[in-house]
Structure formats: structure tokens, C-alpha cells
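Have a look at upload-v5.cif; it's mmCIF, C-alpha atoms:
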```cif
data_upload
loop_
_atom_site.group_PDB
_atom_site.id
_atom_site.type_symbol
_atom_site.label_atom_id
_atom_site.label_comp_id
_atom_site.auth_asym_id
_atom_site.auth_seq_id
_atom_site.Cartn_x
_atom_site.Cartn_y
_atom_site.Cartn_z
ATOM 1 C CA MET Z 20 0.075 19.850 -11.257
ATOM 2 C CA GLU Z 21 -2.616 20.065 -13.932
ATOM 3 C CA ILE Z 22 -0.537 18.015 -16.380
ATOM 4 C CA ARG Z 23 0.047 15.349 -13.718
ATOM 5 C CA SER Z 24 -3.674 15.100 -12.997
ATOM 6 C CA ASN Z 25 -4.353 14.812 -16.734
ATOM 7 C CA TYR Z 26 -2.059 11.797 -16.974
ATOM 8 C CA ILE Z 27 -3.881 10.265 -13.997
ATOM 9 C CA ASN Z 28 -7.243 10.869 -15.680
ATOM 10 C CA VAL Z 29 -6.258 9.228 -18.977
ATOM 11 C CA PRO Z 30 -6.554 5.549 -17.859
ATOM 12 C CA LEU Z 31 -9.620 6.304 -15.731
ATOM 13 C CA LEU Z 32 -11.470 7.935 -18.605
ATOM 14 C CA ALA Z 33 -10.358 5.207 -21.001
ATOM 15 C CA GLU Z 34 -11.886 2.622 -18.667
ATOM 16 C CA LEU Z 35 -15.102 4.657 -18.470
ATOM 17 C CA ILE Z 36 -15.352 4.734 -22.273
ATOM 18 C CA GLU Z 37 -14.739 0.970 -22.363
ATOM 19 C CA ARG Z 38 -17.615 0.405 -19.942
ATOM 20 C CA LYS Z 39 -19.893 2.684 -21.934
ATOM 21 C CA SER Z 40 -19.064 0.779 -25.122
ATOM 22 C CA GLN Z 41 -19.867 -2.502 -23.359
ATOM 23 C CA LEU Z 42 -23.225 -1.153 -22.219
ATOM 24 C CA TRP Z 43 -24.071 0.048 -25.725
ATOM 25 C CA ALA Z 44 -22.987 -3.264 -27.208
ATOM 26 C CA ARG Z 45 -25.404 -5.092 -24.906
ATOM 27 C CA ALA Z 46 -28.216 -2.592 -25.398
ATOM 28 C CA PHE Z 47 -27.962 -2.589 -29.193
ATOM 29 C CA ALA Z 48 -26.905 -6.131 -29.971
ATOM 30 C CA THR Z 49 -28.803 -6.172 -33.267
ATOM 31 C CA PRO Z 50 -26.829 -5.611 -36.486
ATOM 32 C CA PRO Z 51 -26.696 -1.963 -37.683
ATOM 33 C CA ASP Z 52 -29.013 -2.703 -40.652
ATOM 34 C CA ASN Z 53 -31.730 -3.756 -38.207
ATOM 35 C CA MET Z 54 -31.391 -0.777 -35.889
ATOM 36 C CA THR Z 55 -34.267 1.664 -35.650
ATOM 37 C CA LEU Z 56 -33.871 5.205 -36.931
ATOM 38 C CA SER Z 57 -33.387 6.612 -33.451
ATOM 39 C CA ASP Z 58 -30.539 4.239 -32.527
ATOM 40 C CA PRO Z 59 -27.828 5.795 -34.760
ATOM 41 C CA GLU Z 60 -28.911 9.228 -33.587
ATOM 42 C CA CYS Z 61 -28.511 8.124 -29.967
ATOM 43 C CA LEU Z 62 -25.072 6.725 -30.754
ATOM 44 C CA GLN Z 63 -23.988 9.990 -32.369
ATOM 45 C CA GLU Z 64 -25.251 11.999 -29.413
ATOM 46 C CA GLU Z 65 -23.423 9.727 -26.977
ATOM 47 C CA ALA Z 66 -20.210 9.901 -29.022
ATOM 48 C CA HIS Z 67 -20.283 13.698 -29.195
ATOM 49 C CA SER Z 68 -21.060 13.834 -25.474
ATOM 50 C CA ILE Z 69 -17.976 11.717 -24.731
ATOM 51 C CA ILE Z 70 -15.670 13.859 -26.864
ATOM 52 C CA GLU Z 71 -17.044 17.130 -25.511
ATOM 53 C CA SER Z 72 -16.632 15.805 -21.959
ATOM 54 C CA LEU Z 73 -13.011 14.919 -22.698
ATOM 55 C CA ARG Z 74 -12.414 18.399 -24.102
ATOM 56 C CA LEU Z 75 -13.897 19.916 -20.966
ATOM 57 C CA ILE Z 76 -11.961 17.696 -18.555
ATOM 58 C CA PHE Z 77 -8.647 18.224 -20.355
ATOM 59 C CA ARG Z 78 -9.370 21.906 -21.076
ATOM 60 C CA LYS Z 79 -9.075 21.307 -24.831
ATOM 61 C CA ARG Z 80 -5.615 19.765 -24.500
ATOM 62 C CA VAL Z 81 -6.091 17.453 -27.465
ATOM 63 C CA GLU Z 82 -2.976 15.400 -26.761
ATOM 64 C CA PHE Z 83 -4.659 13.965 -23.673
ATOM 65 C CA ILE Z 84 -7.818 13.166 -25.636
ATOM 66 C CA GLU Z 85 -5.645 11.296 -28.122
ATOM 67 C CA LEU Z 86 -3.863 9.415 -25.348
ATOM 68 C CA THR Z 87 -7.213 8.471 -23.808
ATOM 69 C CA LEU Z 88 -8.573 7.090 -27.080
ATOM 70 C CA LEU Z 89 -5.348 5.159 -27.642
ATOM 71 C CA ARG Z 90 -5.684 3.659 -24.157
ATOM 72 C CA VAL Z 91 -9.231 2.357 -24.753
ATOM 73 C CA LYS Z 92 -9.328 -1.407 -25.267
ATOM 74 C CA CYS Z 93 -11.173 -2.448 -28.407
ATOM 75 C CA TYR Z 94 -13.147 -5.564 -29.252
ATOM 76 C CA PRO Z 95 -15.520 -6.314 -32.142
ATOM 77 C CA ALA Z 96 -18.764 -5.398 -30.370
ATOM 78 C CA ALA Z 97 -17.319 -2.068 -29.209
ATOM 79 C CA VAL Z 98 -17.340 -0.594 -32.711
ATOM 80 C CA SER Z 99 -20.992 0.439 -32.352
ATOM 81 C CA LEU Z 100 -19.957 3.251 -29.977
ATOM 82 C CA LEU Z 101 -16.199 3.601 -30.483
ATOM 83 C CA GLY Z 102 -16.593 4.103 -34.228
ATOM 84 C CA PRO Z 103 -18.755 7.232 -33.746
ATOM 85 C CA VAL Z 104 -16.433 8.402 -30.927
ATOM 86 C CA PHE Z 105 -13.384 8.358 -33.218
ATOM 87 C CA GLU Z 106 -15.501 9.916 -35.967
ATOM 88 C CA ALA Z 107 -16.535 12.767 -33.655
ATOM 89 C CA PHE Z 108 -12.910 13.512 -32.814
ATOM 90 C CA LEU Z 109 -11.087 12.757 -36.073
ATOM 91 C CA GLY Z 110 -13.728 12.568 -38.802
ATOM 92 C CA THR Z 111 -14.891 14.846 -41.601
ATOM 93 C CA SER Z 112 -16.995 17.073 -39.361
ATOM 94 C CA ALA Z 113 -14.087 17.549 -36.985
ATOM 95 C CA ALA Z 114 -11.706 18.309 -39.860
ATOM 96 C CA MET Z 115 -14.100 20.930 -41.262
ATOM 97 C CA ALA Z 116 -14.939 22.484 -37.894
ATOM 98 C CA HIS Z 117 -14.119 26.162 -37.587
ATOM 99 C CA ASN Z 118 -13.984 27.464 -34.038
ATOM 100 C CA GLY Z 119 -12.103 30.680 -34.729
ATOM 101 C CA THR Z 120 -8.852 29.231 -33.437
ATOM 102 C CA THR Z 121 -5.834 29.533 -35.731
ATOM 103 C CA THR Z 122 -3.444 26.599 -35.487
ATOM 104 C CA SER Z 123 0.215 26.662 -36.407
ATOM 105 C CA THR Z 124 -0.428 24.266 -39.297
ATOM 106 C CA GLY Z 125 -3.607 25.832 -40.653
ATOM 107 C CA LEU Z 126 -5.359 22.487 -40.116
ATOM 108 C CA THR Z 127 -8.102 21.671 -37.623
ATOM 109 C CA ILE Z 128 -6.979 18.279 -36.337
ATOM 110 C CA TYR Z 129 -3.220 18.429 -36.940
ATOM 111 C CA ARG Z 130 -2.623 21.505 -34.797
ATOM 112 C CA SER Z 131 1.131 21.429 -34.314
ATOM 113 C CA ASN Z 132 3.755 20.290 -36.799
ATOM 114 C CA ASP Z 133 6.003 18.179 -34.589
ATOM 115 C CA VAL Z 134 7.016 14.536 -34.321
ATOM 116 C CA GLU Z 135 5.032 13.789 -31.153
ATOM 117 C CA THR Z 136 1.770 15.252 -32.465
ATOM 118 C CA TYR Z 137 2.189 13.482 -35.803
ATOM 119 C CA GLY Z 138 2.904 10.128 -34.133
ATOM 120 C CA ARG Z 139 -0.106 10.315 -31.804
ATOM 121 C CA LEU Z 140 -2.473 11.188 -34.628
ATOM 122 C CA MET Z 141 -1.014 8.484 -36.842
ATOM 123 C CA LEU Z 142 -1.738 5.920 -34.121
ATOM 124 C CA CYS Z 143 -5.248 7.325 -33.580
ATOM 125 C CA TYR Z 144 -6.126 6.966 -37.267
ATOM 126 C CA ALA Z 145 -4.647 3.453 -37.267
ATOM 127 C CA LYS Z 146 -6.712 2.494 -34.217
ATOM 128 C CA TRP Z 147 -9.836 3.966 -35.766
ATOM 129 C CA LYS Z 148 -9.278 1.810 -38.848
ATOM 130 C CA SER Z 149 -8.620 -1.278 -36.709
ATOM 131 C CA LEU Z 150 -12.129 -1.034 -35.263
ATOM 132 C CA TYR Z 151 -13.562 -2.106 -38.610
ATOM 133 C CA TRP Z 152 -11.225 -4.992 -39.325
ATOM 134 C CA ARG Z 153 -13.251 -8.128 -40.072
ATOM 135 C CA TRP Z 154 -11.949 -10.851 -37.776
ATOM 136 C CA GLU Z 155 -14.684 -13.363 -38.461
ATOM 137 C CA GLU Z 156 -13.918 -16.454 -40.490
ATOM 138 C CA GLY Z 157 -14.652 -16.102 -44.180
ATOM 139 C CA ALA Z 158 -14.532 -12.312 -44.107
ATOM 140 C CA GLY Z 159 -12.125 -12.314 -47.060
ATOM 141 C CA ASP Z 160 -9.144 -10.092 -47.799
ATOM 142 C CA ASP Z 161 -11.084 -7.026 -48.951
ATOM 143 C CA GLU Z 162 -10.460 -3.861 -46.965
ATOM 144 C CA PRO Z 163 -13.424 -2.639 -44.921
ATOM 145 C CA GLU Z 164 -15.275 0.106 -46.771
ATOM 146 C CA GLU Z 165 -14.891 2.452 -43.788
ATOM 147 C CA TRP Z 166 -11.130 2.553 -44.353
ATOM 148 C CA ALA Z 167 -11.435 4.694 -47.478
ATOM 149 C CA ASP Z 168 -13.349 7.392 -45.588
ATOM 150 C CA ILE Z 169 -10.831 7.369 -42.739
ATOM 151 C CA ASP Z 170 -7.906 7.553 -45.167
ATOM 152 C CA ALA Z 171 -9.537 10.467 -46.987
ATOM 153 C CA VAL Z 172 -9.692 12.526 -43.799
ATOM 154 C CA ALA Z 173 -6.194 11.539 -42.675
ATOM 155 C CA LEU Z 174 -4.709 12.499 -46.052
ATOM 156 C CA THR Z 175 -6.121 16.010 -45.697
ATOM 157 C CA GLN Z 176 -4.865 16.437 -42.125
ATOM 158 C CA LEU Z 177 -1.390 14.902 -42.033
ATOM 159 C CA PRO Z 178 1.790 15.676 -43.971
ATOM 160 C CA TYR Z 179 2.991 12.846 -46.178
ATOM 161 C CA ASP Z 180 5.837 12.016 -43.812
ATOM 162 C CA PHE Z 181 7.005 12.696 -40.285
ATOM 163 C CA PRO Z 182 8.224 16.220 -39.491
ATOM 164 C CA ARG Z 183 11.985 16.592 -39.121
ATOM 165 C CA ALA Z 184 13.376 15.621 -35.720
ATOM 166 C CA ILE Z 185 14.755 18.686 -33.930
ATOM 167 C CA CYS Z 186 15.859 17.078 -30.657
ATOM 168 C CA PRO Z 187 17.042 13.672 -29.363
ATOM 169 C CA ARG Z 188 13.547 12.920 -28.053
ATOM 170 C CA ASP Z 189 12.095 13.392 -31.539
ATOM 171 C CA ALA Z 190 14.694 11.062 -32.995
ATOM 172 C CA LEU Z 191 13.825 8.381 -30.444
ATOM 173 C CA LEU Z 192 10.109 8.734 -31.165
ATOM 174 C CA ARG Z 193 10.669 8.404 -34.901
ATOM 175 C CA ARG Z 194 12.493 5.125 -34.381
ATOM 176 C CA ILE Z 195 9.254 3.620 -33.051
ATOM 177 C CA PHE Z 196 7.746 3.987 -36.527
ATOM 178 C CA PRO Z 197 9.415 2.120 -39.418
ATOM 179 C CA TYR Z 198 10.360 4.121 -42.500
ATOM 180 C CA GLY Z 199 7.313 4.707 -44.694
ATOM 181 C CA VAL Z 200 4.873 3.811 -41.896
ATOM 182 C CA ARG Z 201 2.565 6.641 -42.924
ATOM 183 C CA SER Z 202 2.045 5.030 -46.315
ATOM 184 C CA THR Z 203 1.475 1.665 -44.649
ATOM 185 C CA ILE Z 204 -1.119 2.848 -42.131
ATOM 186 C CA ILE Z 205 -2.896 5.515 -44.149
ATOM 187 C CA GLY Z 206 -3.777 5.558 -47.814
ATOM 188 C CA ALA Z 207 -2.189 2.194 -48.624
ATOM 189 C CA GLY Z 208 0.816 4.060 -49.967
ATOM 190 C CA VAL Z 209 -1.232 6.369 -52.188
ATOM 191 C CA ALA Z 210 -0.344 10.046 -52.156
ATOM 192 C CA PRO Z 211 -3.074 12.736 -52.258
ATOM 193 C CA ALA Z 212 -4.848 12.888 -55.618
ATOM 194 C CA ASP Z 213 -3.247 16.199 -56.620
ATOM 195 C CA GLY Z 214 0.203 14.772 -55.945
ATOM 196 C CA LYS Z 215 0.954 17.527 -53.444
ATOM 197 C CA ARG Z 216 1.435 17.613 -49.730
ATOM 198 C CA ASN Z 217 -1.259 19.248 -47.686
ATOM 199 C CA ASN Z 218 -0.893 22.630 -46.004
ATOM 200 C CA ALA Z 219 1.166 21.286 -43.116
ATOM 201 C CA THR Z 220 4.795 21.425 -44.183
ATOM 202 C CA THR Z 221 7.472 19.051 -42.954
ATOM 203 C CA ARG Z 222 10.200 21.589 -42.528
#
```
I need this file expressed as C-alpha cells, please.
Amino acid sequence: MEIRSNYINVPLLAELIERKSQLWARAFATPPDNMTLSDPECLQEEAHSIIESLRLIFRKRVEFIELTLLRVKCYPAAVSLLGPVFEAFLGTSAAMAHNGTTTSTGLTIYRSNDVETYGRLMLCYAKWKSLYWRWEEGAGDDEPEEWADIDAVALTQLPYDFPRAICPRDALLRRIFPYGVRSTIIGAGVAPADGKRNNATTR
């Protein structure tokens, strides 16, 4: 019953986050360089409030937080709030957080070494990066500078390839992602600097 209600809550909460991002976009329509000192602090507080509320509602079931963030519709003006929201959930602070809970992978964000968890997180990092894509004319072909920071966190949290499929469902899920998609979405095909995989094995 709880799982069913969680799936019902996902689109509702995604819509709420969309509305919040629209309100913030209207309230802080000035470019980030022209924002006052208190504005970024307010954004960070709002972002952390959203993520903590999602954790409370879903009782720390992170898969439903991921599904909610993936359901949120993005548009250029929404980055002012959605960027900090993804940062609060997937960023450096989240990756370094220590809450006394031991995960099966030894990593903070990538908690379970399975195909479904890997796929959801891969899509979350990809969506986070997409927020900063420059759609305006004349933006050029250079990658947004935020991508490097996102890639750096993702490379520390995800194995270099999908975990091995152990059931038909896993095999079907893997087919959604082309071979080598991890290199395409994260790190532009560059392996971690030490040439090794991270602590999460792909057994």
C-alpha cells in the first residue's frame, strides 16, 4: 500500500516542484551575476527544503526521489531552483555526507549495485547536466562549465559500466541504454583519473 501511494505521489510532487521553480524564476528574473548575496542563500535553503521534504514523504526511499526529479519538466528559467535541487540530492555535499548508514556499495549516492539503481542515477545525472545546456542562439559548441563538476561527482559514485543483468527484467532495462551510454552521458568517455573503477564493483 505504501509503495502504491509513493507512485501516486511522484507526479504530484513533481508538479509541485515545477510550480515552485516557476515562482522562483519570476521572483528572481535577474541574471545570477546581478543577484544579491541573500538570493543564492535563499535558493540553497529552498533546494535543501525540497529534498528533505521528499526524503520525509518517501521515508528515505531514494528511488522515489529519483523518479520525482526525473518527472519534473525543465525549461531554461527553471535552472535557478532546479540546479540547486539536483545539487542538494546528487552533488558533492551529498556524495560526502555521512549519516552512519552503511550501503551495500560503500558509496553515499549509489546505494545498491543493480541495473535499476544504476539506470535511474544515470538518467538523473544526465538531466542535471541538461539543465545547463545553452539553447540560446550563438551560445557556441563549448560544454557548460557546470558539466565538469557534475561529471566529477558522477565518476566517484557510479561504476564505469552497468552492473551485470541477473534477471530478464534487468536485461530489458539495459536494452534501453545503448552500449557505452555511461561514457556518452558522463565524463565524455573519460575514465577516472587513476584509471580504476570506483568502490562499487560490477560483479
Closest atom pairs, segment 120-150 of chain Z residues within 10 Å of segment 177-196 of chain Z, all atoms listed in the file, as a Markdown table:
```
| residue | atom | partner | partner_atom | distance |
| --- | --- | --- | --- | --- |
| Z:Thr124 | CA | Z:Leu177 | CA | 9.8 |
| Z:Leu126 | CA | Z:Leu177 | CA | 8.8 |
| Z:Ile128 | CA | Z:Leu177 | CA | 8.7 |
| Z:Tyr129 | CA | Z:Leu177 | CA | 6.5 |
| Z:Arg130 | CA | Z:Leu177 | CA | 9.9 |
| Z:Asn132 | CA | Z:Pro182 | CA | 6.6 |
| Z:Asp133 | CA | Z:Pro182 | CA | 5.7 |
| Z:Val134 | CA | Z:Pro182 | CA | 5.6 |
| Z:Glu135 | CA | Z:Asp189 | CA | 7.1 |
| Z:Thr136 | CA | Z:Pro182 | CA | 9.6 |
| Z:Tyr137 | CA | Z:Phe181 | CA | 6.6 |
| Z:Gly138 | CA | Z:Phe181 | CA | 7.8 |
| Z:Leu140 | CA | Z:Leu177 | CA | 8.4 |
| Z:Met141 | CA | Z:Leu177 | CA | 8.3 |
| Z:Leu142 | CA | Z:Phe196 | CA | 10.0 |
```
Using the chain letters and numbers from the file, give me the residues hit by the PyMOL selection byres ((chain Z and resi 22-26) around 10), as a list in words.
Met20, Glu21, Ile27, Asn28, Val29, Pro30, Leu31, Ile76, Phe77, Arg78, Arg80, Phe83, Ile84, Leu86 and Thr87 of chain Z
Pull out every residue that the PyMOL selection byres ((chain Z and resi 88) around 12) matches in the shown coordinates and put them as a ChimeraX atom specification.
/Z:29-37,69-70,73,81-87,89-93,101-102,104-109,139-140,142-147
So how many Å separate atom CA of Val172 of chain Z and atom CA of Tyr94 of chain Z, to one decimal?
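These two atoms are separated by 23.5 Å.
Using only C-alpha atoms, the shortest contact distance between Val98 of chain Z and any of Z:Leu42, Z:Leu150, Z:Leu75, Z:Cys61 is found at Z:Leu150.
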Tell me which protein, DNA and RNA residues are within 8 Å of Leu100 of chain Z, counting all atoms listed in the file, leaving out same-chain ones fewer than 5 positions away, and put them as a list in words.
Ser40, Trp43, Ala44, Leu62, Glu65 and Ala66 of chain Z
Selected by the PyMOL selection byres ((chain Z and resi 171) around 10) in the shown coordinates: which residues, as a CSV table (one decimal) with C-alpha atoms, in the frame of the given file?
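The new file expr-v9.csv reads:
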```csv
chain,number,residue,atom,x,y,z
Z,110,GLY,CA,-13.7,12.6,-38.8
Z,111,THR,CA,-14.9,14.8,-41.6
Z,166,TRP,CA,-11.1,2.6,-44.4
Z,167,ALA,CA,-11.4,4.7,-47.5
Z,168,ASP,CA,-13.3,7.4,-45.6
Z,169,ILE,CA,-10.8,7.4,-42.7
Z,170,ASP,CA,-7.9,7.6,-45.2
Z,172,VAL,CA,-9.7,12.5,-43.8
Z,173,ALA,CA,-6.2,11.5,-42.7
Z,174,LEU,CA,-4.7,12.5,-46.1
Z,175,THR,CA,-6.1,16.0,-45.7
Z,176,GLN,CA,-4.9,16.4,-42.1
Z,205,ILE,CA,-2.9,5.5,-44.1
Z,206,GLY,CA,-3.8,5.6,-47.8
Z,211,PRO,CA,-3.1,12.7,-52.3
```
Mind pulling up the distance from atom CA of Gln63 of chain Z to atom CA of Gly125 of chain Z?
27.1 Å
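Counting from atom CA of Glu64 of chain Z, the distance to atom CA of Trp152 of chain Z is 24.2 Å.
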